[in-house]
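So this one's protein.cif, mmCIF, C-alpha atoms:
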data_start
#
loop_
_atom_site.label_atom_id
_atom_site.label_comp_id
_atom_site.auth_asym_id
_atom_site.auth_seq_id
_atom_site.Cartn_x
_atom_site.Cartn_y
_atom_site.Cartn_z
CA MET A 1411 112.11 116.93 108.99
CA ALA A 1412 109.95 115.57 106.15
CA ILE A 1413 109.47 111.81 106.13
CA LYS A 1414 110.46 109.89 103.02
CA ARG A 1415 110.42 106.20 102.18
CA SER A 1416 111.65 104.13 99.24
CA ILE A 1417 109.95 101.45 97.19
CA ASP A 1418 112.41 98.92 98.64
CA GLU A 1419 111.33 99.91 102.15
CA ILE A 1420 107.68 99.54 101.19
CA ASN A 1421 108.32 96.11 99.66
CA GLU A 1422 110.02 95.02 102.90
CA LYS A 1423 106.91 96.05 104.80
CA ILE A 1424 104.80 94.04 102.32
CA ARG A 1425 107.02 90.97 102.93
CA SER A 1426 106.63 91.32 106.67
CA GLY A 1427 102.88 91.87 106.43
CA LYS A 1428 103.12 95.34 107.93
CA ALA A 1429 102.29 97.48 104.88
CA VAL A 1430 99.17 99.62 105.10
CA VAL A 1431 97.38 99.45 101.76
CA LEU A 1432 94.25 101.45 100.97
CA THR A 1433 92.30 102.21 97.80
CA ALA A 1434 92.43 105.69 96.29
CA GLU A 1435 88.81 106.31 97.30
CA GLN A 1436 89.62 105.46 100.91
CA VAL A 1437 92.56 107.86 100.92
CA SER A 1438 90.47 110.56 99.24
CA ALA A 1439 88.04 110.30 102.15
CA MET A 1440 90.94 110.53 104.62
CA GLY A 1441 92.11 113.69 102.86
CA LYS A 1442 89.01 115.54 104.01
CA GLU A 1443 90.10 115.22 107.64
CA MET A 1444 93.86 114.63 107.56
CA THR A 1445 96.90 116.49 106.27
CA PRO A 1446 99.28 114.96 103.70
CA ALA A 1447 101.86 114.54 106.49
CA GLU A 1448 99.38 112.54 108.57
CA ILE A 1449 98.40 110.39 105.58
CA MET A 1450 102.08 109.82 104.79
CA LYS A 1451 102.63 108.39 108.29
CA LYS A 1452 99.64 106.04 108.06
CA VAL A 1453 99.58 104.75 104.44
CA ASP A 1454 102.26 102.94 102.42
CA VAL A 1455 100.47 102.04 99.16
CA VAL A 1456 97.38 103.34 97.40
CA THR A 1457 95.64 101.18 94.81
CA THR A 1458 94.05 102.81 91.77
CA ALA A 1459 91.97 101.34 88.96
CA THR A 1460 89.96 101.92 85.83
CA PHE A 1461 87.70 99.81 83.62
CA GLY A 1462 86.57 101.42 80.41
CA PRO A 1463 86.61 101.21 76.61
CA MET A 1464 90.17 101.38 75.26
CA CYS A 1465 90.21 101.06 71.49
CA SER A 1466 93.99 101.06 71.10
CA SER A 1467 94.34 97.45 72.25
CA GLY A 1468 95.13 94.06 70.73
CA CYS A 1469 97.14 90.85 70.91
CA PHE A 1470 100.20 89.27 69.34
CA ILE A 1471 99.71 85.56 68.65
CA ASN A 1472 102.25 82.97 67.54
CA PHE A 1473 100.28 80.06 66.07
CA GLY A 1474 103.13 77.57 65.76
CA HIS A 1475 104.24 75.93 62.52
CA SER A 1476 102.20 73.46 60.51
CA ASN A 1477 103.64 70.47 58.64
CA PRO A 1478 104.67 71.35 55.99
CA PRO A 1479 105.38 74.86 57.30
CA MET A 1480 103.78 77.99 55.94
CA ARG A 1481 104.36 81.71 55.79
CA MET A 1482 100.94 83.11 56.68
CA GLU A 1483 100.34 86.36 54.77
CA ARG A 1484 96.58 86.90 54.81
CA ILE A 1485 95.07 85.80 58.10
CA THR A 1486 91.60 85.81 59.64
CA LEU A 1487 90.42 84.69 63.07
CA ASN A 1488 86.68 83.94 63.09
CA ASN A 1489 86.69 85.89 59.79
CA VAL A 1490 88.22 88.98 61.44
CA PRO A 1491 91.44 90.07 59.68
CA ALA A 1492 94.69 89.88 61.63
CA TYR A 1493 97.94 91.51 60.52
CA GLY A 1494 100.42 88.89 59.30
CA GLY A 1495 103.28 91.11 58.23
CA VAL A 1496 105.34 90.27 61.31
CA ALA A 1497 106.80 86.81 60.65
CA ALA A 1498 105.76 83.44 59.26
CA VAL A 1499 103.29 82.47 61.98
CA ASP A 1500 103.11 85.64 64.07
CA ALA A 1501 100.11 87.95 63.83
CA TYR A 1502 98.61 90.95 65.59
CA ILE A 1503 94.85 91.28 65.95
CA GLY A 1504 93.53 94.72 66.88
CA ALA A 1505 90.51 95.12 69.13
CA THR A 1506 88.65 97.35 66.65
CA GLU A 1507 89.26 95.27 63.51
CA THR A 1508 86.19 93.89 61.73
CA ALA A 1509 85.61 91.90 58.55
CA MET A 1510 83.25 94.54 57.16
CA PRO A 1511 82.89 98.22 58.13
CA HIS A 1512 79.49 97.80 59.81
CA ASP A 1513 80.12 94.49 61.58
CA THR A 1514 79.22 94.29 65.25
CA TYR A 1515 81.77 91.48 65.82
CA GLY A 1516 85.48 92.20 65.75
CA GLY A 1517 88.93 91.67 67.13
CA ALA A 1518 87.88 92.41 70.71
CA HIS A 1519 85.35 89.57 70.54
CA VAL A 1520 88.00 87.18 69.18
CA ILE A 1521 90.35 88.16 72.01
CA GLU A 1522 87.66 87.73 74.65
CA GLU A 1523 86.74 84.29 73.29
CA LEU A 1524 90.37 83.18 73.28
CA ILE A 1525 90.82 84.38 76.87
CA ALA A 1526 87.67 82.40 77.78
CA GLY A 1527 89.32 79.25 76.40
CA LYS A 1528 87.08 78.93 73.35
CA ASP A 1529 88.14 77.63 69.94
CA VAL A 1530 88.63 80.22 67.19
CA LEU A 1531 88.76 79.52 63.45
CA LEU A 1532 92.15 80.34 61.92
CA GLN A 1533 92.26 80.69 58.13
CA ALA A 1534 95.37 81.82 56.26
CA THR A 1535 96.87 81.88 52.81
CA GLY A 1536 100.35 82.59 51.48
CA LYS A 1537 102.21 82.49 48.19
CA GLY A 1538 104.42 79.58 49.24
CA THR A 1539 108.22 79.63 49.31
CA ASP A 1540 111.01 77.07 49.25
CA CYS A 1541 111.24 77.12 53.03
CA TYR A 1542 107.51 77.59 53.62
CA PRO A 1543 105.82 75.56 50.86
CA ARG A 1544 102.27 75.41 52.26
CA THR A 1545 99.89 77.94 50.68
CA GLU A 1546 96.74 77.70 52.81
CA ILE A 1547 95.47 76.46 56.13
CA LYS A 1548 92.16 76.18 57.96
CA THR A 1549 92.08 74.99 61.56
CA LEU A 1550 90.86 75.70 65.08
CA ILE A 1551 93.09 77.30 67.68
CA ASN A 1552 92.70 78.23 71.34
CA LYS A 1553 94.91 79.76 73.99
CA ASN A 1554 96.35 76.37 74.93
CA THR A 1555 97.38 75.37 71.41
CA VAL A 1556 99.18 78.58 70.38
CA ASN A 1557 102.73 79.30 71.49
CA GLU A 1558 102.19 82.87 72.67
CA PHE A 1559 99.11 85.00 73.30
CA ILE A 1560 100.37 88.40 74.40
CA MET A 1561 98.21 91.45 74.94
CA PHE A 1562 100.04 94.58 73.85
CA ASN A 1563 98.01 97.77 73.99
CA PRO A 1564 99.59 100.90 72.48
CA ARG A 1565 97.30 103.38 74.28
CA ASN A 1566 95.46 102.65 77.52
CA SER A 1567 94.59 104.37 80.80
CA TYR A 1568 94.18 107.98 79.67
CA GLN A 1569 95.15 110.35 82.45
CA ASN A 1570 91.98 112.34 81.91
CA TYR A 1571 89.48 112.54 79.09
CA ASN A 1572 86.81 114.75 77.58
CA VAL A 1573 83.12 114.93 78.36
CA ALA A 1574 81.19 114.45 75.12
CA VAL A 1575 78.04 116.39 74.23
CA ASN A 1576 76.14 117.08 71.00
CA SER A 1577 74.93 120.57 70.08
CA THR A 1578 73.25 119.59 66.80
CA GLN A 1579 69.67 118.53 66.10
CA LYS A 1580 70.69 115.01 65.05
CA ILE A 1581 71.75 111.97 67.08
CA LYS A 1582 75.50 111.40 66.83
CA PHE A 1583 77.02 107.92 67.12
CA THR A 1584 80.57 108.15 68.47
CA TYR A 1585 83.27 106.25 70.36
CA MET A 1586 81.93 108.16 73.38
CA GLY A 1587 78.59 106.47 72.90
CA THR A 1588 75.31 107.74 71.49
CA LEU A 1589 74.97 111.50 71.95
CA LEU A 1590 71.43 112.84 71.93
CA PRO A 1591 70.52 116.05 70.05
CA ALA A 1592 70.44 119.52 71.60
CA PHE A 1593 72.65 118.58 74.55
CA GLY A 1594 70.41 115.67 75.47
CA ASN A 1595 73.15 113.90 77.44
CA ALA A 1596 76.81 114.09 78.46
CA ASN A 1597 79.07 111.02 78.42
CA PHE A 1598 82.45 110.63 80.12
CA SER A 1599 84.88 107.75 80.60
CA THR A 1600 87.23 108.16 83.56
CA SER A 1601 87.02 106.72 87.07
CA GLY A 1602 87.84 110.06 88.67
CA GLU A 1603 89.64 109.96 92.02
CA LEU A 1604 90.17 106.21 91.56
CA SER A 1605 91.88 106.63 88.16
CA PRO A 1606 95.59 105.64 88.07
CA LEU A 1607 97.27 108.60 86.39
CA LEU A 1608 95.16 111.15 88.26
CA ASN A 1609 96.74 109.90 91.50
CA ASP A 1610 100.25 110.40 90.14
CA PRO A 1611 99.74 113.30 87.74
CA GLU A 1612 103.47 114.01 87.35
CA LEU A 1613 104.23 110.30 86.76
CA ARG A 1614 106.78 110.15 89.56
CA THR A 1615 106.18 106.46 90.32
CA ILE A 1616 104.74 105.16 87.03
CA GLY A 1617 107.15 104.49 84.18
CA ILE A 1618 108.67 101.78 82.01
CA GLY A 1619 108.64 98.50 83.92
CA THR A 1620 105.95 99.39 86.46
CA ARG A 1621 104.13 96.23 87.56
CA ILE A 1622 100.34 96.52 87.31
CA PHE A 1623 97.08 94.60 87.42
CA PHE A 1624 96.19 94.04 83.77
CA GLY A 1625 93.02 92.29 82.64
CA GLY A 1626 92.97 89.95 85.64
CA THR A 1627 96.68 89.11 85.85
CA THR A 1628 100.03 90.78 86.34
CA GLY A 1629 101.16 93.07 83.53
CA TYR A 1630 103.69 95.81 82.97
CA VAL A 1631 103.99 99.31 81.59
CA ALA A 1632 106.00 98.85 78.39
CA TRP A 1633 106.35 102.46 77.23
CA ASN A 1634 104.46 105.70 77.21
CA GLY A 1635 101.24 105.29 75.27
CA THR A 1636 100.57 106.80 71.86
CA GLN A 1637 99.18 110.36 71.88
CA PHE A 1638 101.07 110.87 75.14
CA ASN A 1639 100.61 114.58 75.73
CA THR A 1640 101.79 116.10 78.99
CA GLY A 1641 101.67 119.59 77.54
CA LYS A 1642 98.07 120.03 78.68
CA PRO A 1643 97.29 122.84 81.16
CA VAL A 1644 96.75 121.85 84.78
CA ASN A 1645 94.22 123.22 87.26
CA GLN A 1646 94.95 124.72 90.69
CA TYR A 1647 95.39 121.21 92.13
CA GLY A 1648 98.04 120.23 89.57
CA ILE A 1649 95.70 117.92 87.63
CA PRO A 1650 95.81 117.99 83.79
CA VAL A 1651 92.54 119.23 82.33
CA GLY A 1652 91.46 116.96 79.47
CA ASN A 1653 93.19 114.01 77.83
CA SER A 1654 96.91 113.98 78.65
CA ALA A 1655 99.32 111.12 79.42
CA THR A 1656 98.69 107.52 78.31
CA LEU A 1657 100.31 104.11 78.88
CA SER A 1658 101.42 101.30 76.60
CA LEU A 1659 100.81 98.00 78.40
CA ILE A 1660 101.85 94.38 78.00
CA GLY A 1661 100.75 91.14 79.66
CA ASP A 1662 100.07 87.43 79.17
CA ALA A 1663 96.56 87.24 77.73
CA ARG A 1664 96.50 83.50 78.44
CA GLN A 1665 96.30 84.36 82.16
CA MET A 1666 93.67 87.09 81.81
CA ASN A 1667 90.04 86.94 82.86
CA THR A 1668 86.99 87.90 80.81
CA ARG A 1669 85.63 89.64 83.90
CA PHE A 1670 88.22 92.34 83.17
CA ILE A 1671 88.52 92.09 79.36
CA LYS A 1672 85.20 92.65 77.61
CA ALA A 1673 84.35 93.20 73.95
CA ALA A 1674 81.94 96.02 73.18
CA TYR A 1675 80.09 97.47 70.22
CA PHE A 1676 79.18 101.15 69.98
CA GLU A 1677 76.14 101.61 67.77
CA LYS A 1678 77.02 102.85 64.28
CA TYR A 1679 80.59 103.50 65.39
CA GLY A 1680 82.28 100.15 65.81
CA VAL A 1681 83.94 97.62 68.06
CA SER A 1682 85.99 98.44 71.14
CA MET A 1683 87.24 96.60 74.20
CA PHE A 1684 86.82 97.29 77.90
CA VAL A 1685 90.13 96.83 79.71
CA GLY A 1686 90.65 96.54 83.47
CA ILE A 1687 93.78 98.19 84.84
CA GLY A 1688 94.99 98.63 88.41
CA ILE A 1689 98.17 100.45 89.42
CA PRO A 1690 99.66 100.65 92.93
CA ILE A 1691 100.99 104.07 93.93
CA PRO A 1692 103.71 104.07 96.61
CA VAL A 1693 103.37 106.90 99.12
CA LEU A 1694 106.99 108.01 99.06
CA ASP A 1695 106.63 111.41 100.70
CA GLU A 1696 104.15 114.11 101.68
CA GLU A 1697 103.81 115.31 98.08
CA MET A 1698 102.67 111.84 96.97
CA ALA A 1699 100.32 111.69 99.96
CA LYS A 1700 98.79 114.94 98.76
CA ARG A 1701 98.44 113.58 95.22
CA VAL A 1702 96.74 110.31 96.20
CA SER A 1703 94.22 112.12 98.39
CA VAL A 1704 92.80 114.03 95.41
CA ARG A 1705 89.01 114.17 95.32
CA ASN A 1706 86.51 114.18 92.46
CA SER A 1707 85.65 117.80 93.20
CA GLN A 1708 89.30 118.72 92.51
CA ILE A 1709 89.56 116.95 89.14
CA GLU A 1710 88.28 118.90 86.14
CA THR A 1711 87.94 118.07 82.47
CA ASN A 1712 86.76 119.69 79.27
CA ILE A 1713 83.25 119.53 77.84
CA ILE A 1714 83.63 118.98 74.10
CA ASP A 1715 81.02 119.26 71.34
CA TYR A 1716 81.29 116.01 69.37
CA GLY A 1717 78.39 117.00 67.14
CA SER A 1718 79.77 120.05 65.39
CA GLY A 1719 82.66 118.24 63.70
CA ASN A 1720 85.40 120.53 65.02
CA PHE A 1721 85.46 119.29 68.64
CA GLU A 1722 84.79 122.74 70.09
CA LYS A 1723 85.41 123.21 73.81
CA LEU A 1724 82.26 124.47 75.52
CA GLY A 1725 83.30 124.50 79.15
CA GLN A 1726 84.84 122.61 82.10
CA VAL A 1727 83.34 120.46 84.82
CA ASP A 1728 84.58 118.46 87.81
CA TYR A 1729 84.01 114.76 88.43
CA ARG A 1730 81.89 115.26 91.53
CA LYS A 1731 79.28 116.89 89.32
CA LEU A 1732 79.73 114.32 86.54
CA PHE A 1733 79.17 111.39 88.91
CA SER A 1734 76.12 113.12 90.41
CA GLY A 1735 74.28 112.36 87.17
CA GLU A 1736 73.70 115.94 86.10
CA ILE A 1737 75.81 118.88 84.94
CA THR A 1738 74.93 122.40 83.84
CA LEU A 1739 76.14 123.69 80.47
CA LEU A 1740 75.17 126.98 78.85
CA GLY A 1741 72.40 127.37 81.41
CA LYS A 1742 70.91 123.94 80.67
CA LYS A 1743 70.85 120.91 82.97
CA ILE A 1744 72.16 117.80 81.18
CA ARG A 1745 72.11 114.16 82.27
CA SER A 1746 75.65 112.79 82.67
CA ALA A 1747 76.72 109.14 82.66
CA PRO A 1748 80.04 107.24 82.62
CA LEU A 1749 80.95 104.80 79.86
CA SER A 1750 83.46 103.25 82.24
CA SER A 1751 82.35 101.06 85.13
CA LEU A 1752 83.13 102.45 88.57
CA LYS A 1753 81.85 99.21 90.10
CA VAL A 1754 84.45 97.08 88.29
CA ALA A 1755 87.19 99.66 88.90
CA ARG A 1756 86.45 99.41 92.62
CA GLU A 1757 86.63 95.63 92.38
CA ILE A 1758 90.05 95.86 90.73
CA ALA A 1759 91.35 98.31 93.34
CA ASP A 1760 90.16 95.96 96.10
CA ILE A 1761 91.78 92.91 94.45
CA LEU A 1762 95.08 94.75 94.10
CA LYS A 1763 94.83 95.95 97.71
CA ARG A 1764 94.35 92.36 98.89
CA GLU A 1765 97.17 90.99 96.72
CA ILE A 1766 99.63 93.53 98.11
CA SER A 1767 98.43 93.24 101.72
CA GLU A 1768 98.79 89.46 101.61
CA GLY A 1769 102.30 89.58 100.13
CA ARG A 1770 101.60 88.32 96.62
CA PHE A 1771 102.19 91.55 94.70
CA PHE A 1772 105.27 93.74 95.09
CA LEU A 1773 105.98 97.18 93.75
CA THR A 1774 108.59 97.92 91.10
CA GLU A 1775 110.89 100.88 90.58
CA PRO A 1776 110.49 102.14 86.99
CA VAL A 1777 113.57 101.44 84.87
CA ALA A 1778 112.94 104.78 83.14
CA LEU A 1779 110.52 107.64 83.68
CA PHE A 1780 108.48 109.31 80.96
CA PRO A 1781 109.17 112.71 79.38
CA ARG A 1782 107.92 115.54 81.57
CA THR A 1783 106.72 117.78 78.75
CA THR A 1784 105.47 116.62 75.36
CA GLY A 1785 103.11 117.93 72.73
CA LEU A 1786 100.83 116.34 70.17
CA ASN A 1787 100.93 116.72 66.38
CA ASN A 1788 97.88 116.73 64.14
CA LEU A 1789 97.93 115.18 60.67
CA GLU A 1790 98.68 117.69 57.94
CA ILE A 1791 97.04 117.06 54.59
CA ARG A 1792 99.85 117.57 52.06
CA ILE A 1793 98.51 116.03 48.82
#
Encoded form using structure tokens:
Amino acid sequence: MAIKRSIDEINEKIRSGKAVVLTAEQVSAMGKEMTPAEIMKKVDVVTTATFGPMCSSGCFINFGHSNPPMRMERITLNNVPAYGGVAAVDAYIGATETAMPHDTYGGAHVIEELIAGKDVLLQATGKGTDCYPRTEIKTLINKNTVNEFIMFNPRNSYQNYNVAVNSTQKIKFTYMGTLLPAFGNANFSTSGELSPLLNDPELRTIGIGTRIFFGGTTGYVAWNGTQFNTGKPVNQYGIPVGNSATLSLIGDARQMNTRFIKAAYFEKYGVSMFVGIGIPIPVLDEEMAKRVSVRNSQIETNIIDYGSGNFEKLGQVDYRKLFSGEITLLGKKIRSAPLSSLKVAREIADILKREISEGRFFLTEPVALFPRTTGLNNLEIRI
């Protein structure tokens, strides 16, 4: 008879200090010698992690009311525009926002500085109303003076993502980094067998309400992420090939750590933000044990030409080859390198492992699971 366990049963083992918690890399190594049934008997929780550039990120901030009060309509933080069309003193600052198109400083830098406890210059204007008569303000804020500082990221933790190359004779500057001419390099941005959604490809245990490690503190999955696309083909191991599911995440930025939230600038492309995410995967049955023992050699993704302008697919490659530092494409050997940091992802997985093992982090049952099959629309030009 197949063994099964519930999240409640796993949490009880965590409380009693009896839960066996391993990182995804450790379980991947076990999978070379052990069957899923054997892994199921030995392991209760597997910790996964990723740390890479995630542009679709930002923070809601409530500044608090001045005296006299004001409806802030045009807002900047360290001269970076924030969106004020939420409420009188609420704003959202996006990680990629900049004051000017070619600025190397943007919303991600503002967020990182606020998390670090630094002062940030708030400037705002408004038309003035009977209930909000003030028309302008200039002051310093920090994470201790504002009412709320909430990170809410619409699209993080891609399940899988493309490898970027450049077939043209010119350097291309992209969100996947600088791509050298004539297939001079290949960039990718996924932590492979350590990556959260690659260890639960069917999203059986990850859904709305899942408790996670988020930027150095506890966070939650709020919804499926934007561009959530589970209609992608899967390989023989059941792993989606190419970018697929995504997560929308929320957490208290005031409690985050700049070790795991880092601003970045991609040359001639723009600002982004590195986000650290860790997700515990409960080993509920043999099928989950099989999933969490996936290895880099079993995970494949698409090689896409970012130079041609039409994102042509040129081939597929597995993560064992990508992490080796060299892949072969069209008969040519190409240097490969990750944009994401495997070192920091491993650190996150180890932190989460310790927090669970020592009874400070418990697993949650999702309040709702995500759609099993979705597609993705492209923008149609109709004017």
The PyMOL selection byres ((chain A and resi 1518) around 7) resolved against shown file, as a PDB file with C-alpha atoms, in the frame of the given file:
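Contents of result-v4.pdb, as written:
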ATOM      1  CA  ALA A1505      90.510  95.120  69.130  1.00  0.00           C
ATOM      2  CA  THR A1506      88.650  97.350  66.650  1.00  0.00           C
ATOM      3  CA  GLY A1516      85.480  92.200  65.750  1.00  0.00           C
ATOM      4  CA  GLY A1517      88.930  91.670  67.130  1.00  0.00           C
ATOM      5  CA  HIS A1519      85.350  89.570  70.540  1.00  0.00           C
ATOM      6  CA  VAL A1520      88.000  87.180  69.180  1.00  0.00           C
ATOM      7  CA  ILE A1521      90.350  88.160  72.010  1.00  0.00           C
ATOM      8  CA  GLU A1522      87.660  87.730  74.650  1.00  0.00           C
ATOM      9  CA  ALA A1673      84.350  93.200  73.950  1.00  0.00           C
ATOM     10  CA  SER A1682      85.990  98.440  71.140  1.00  0.00           C
ATOM     11  CA  MET A1683      87.240  96.600  74.200  1.00  0.00           C
TER      12      MET A1683
END
For a test of reading the model, state the distance in Å between atom CA of A:Ser1751 and atom CA of A:Phe1670, rounded to one decimal.
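Spanning atom CA of A:Ser1751 to atom CA of A:Phe1670 is a straight-line distance of 10.7 Å.
Going from atom CA of A:Ile1622 to atom CA of A:Pro1690 covers 7.0 Å.
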Hits of the PyMOL selection byres ((chain A and resi 1484-1489) around 7) in this structure, as an mmCIF file with C-alpha atoms, in the frame of the given file:
data_model
loop_
_atom_site.group_PDB
_atom_site.id
_atom_site.type_symbol
_atom_site.label_atom_id
_atom_site.label_comp_id
_atom_site.auth_asym_id
_atom_site.auth_seq_id
_atom_site.Cartn_x
_atom_site.Cartn_y
_atom_site.Cartn_z
ATOM 1 C CA MET A 1482 100.940 83.110 56.680
ATOM 2 C CA GLU A 1483 100.340 86.360 54.770
ATOM 3 C CA VAL A 1490 88.220 88.980 61.440
ATOM 4 C CA PRO A 1491 91.440 90.070 59.680
ATOM 5 C CA ALA A 1492 94.690 89.880 61.630
ATOM 6 C CA TYR A 1493 97.940 91.510 60.520
ATOM 7 C CA GLY A 1494 100.420 88.890 59.300
ATOM 8 C CA ALA A 1509 85.610 91.900 58.550
ATOM 9 C CA VAL A 1530 88.630 80.220 67.190
ATOM 10 C CA LEU A 1531 88.760 79.520 63.450
ATOM 11 C CA LEU A 1532 92.150 80.340 61.920
ATOM 12 C CA GLN A 1533 92.260 80.690 58.130
ATOM 13 C CA ALA A 1534 95.370 81.820 56.260
ATOM 14 C CA THR A 1535 96.870 81.880 52.810
ATOM 15 C CA GLY A 1536 100.350 82.590 51.480
#
Any chance you could work out the residue set of the PyMOL selection byres ((chain A and resi 1442) around 12) here, as a VMD selection string?
chain A and resid 1435 to 1441 1443 to 1446 1448 to 1449 1700 1703 to 1708
Using all atoms listed in the file, which residue out of A:Thr1615, A:Ser1601, A:Thr1584, A:Ser1718 lies closest to A:Glu1677?
A:Thr1584
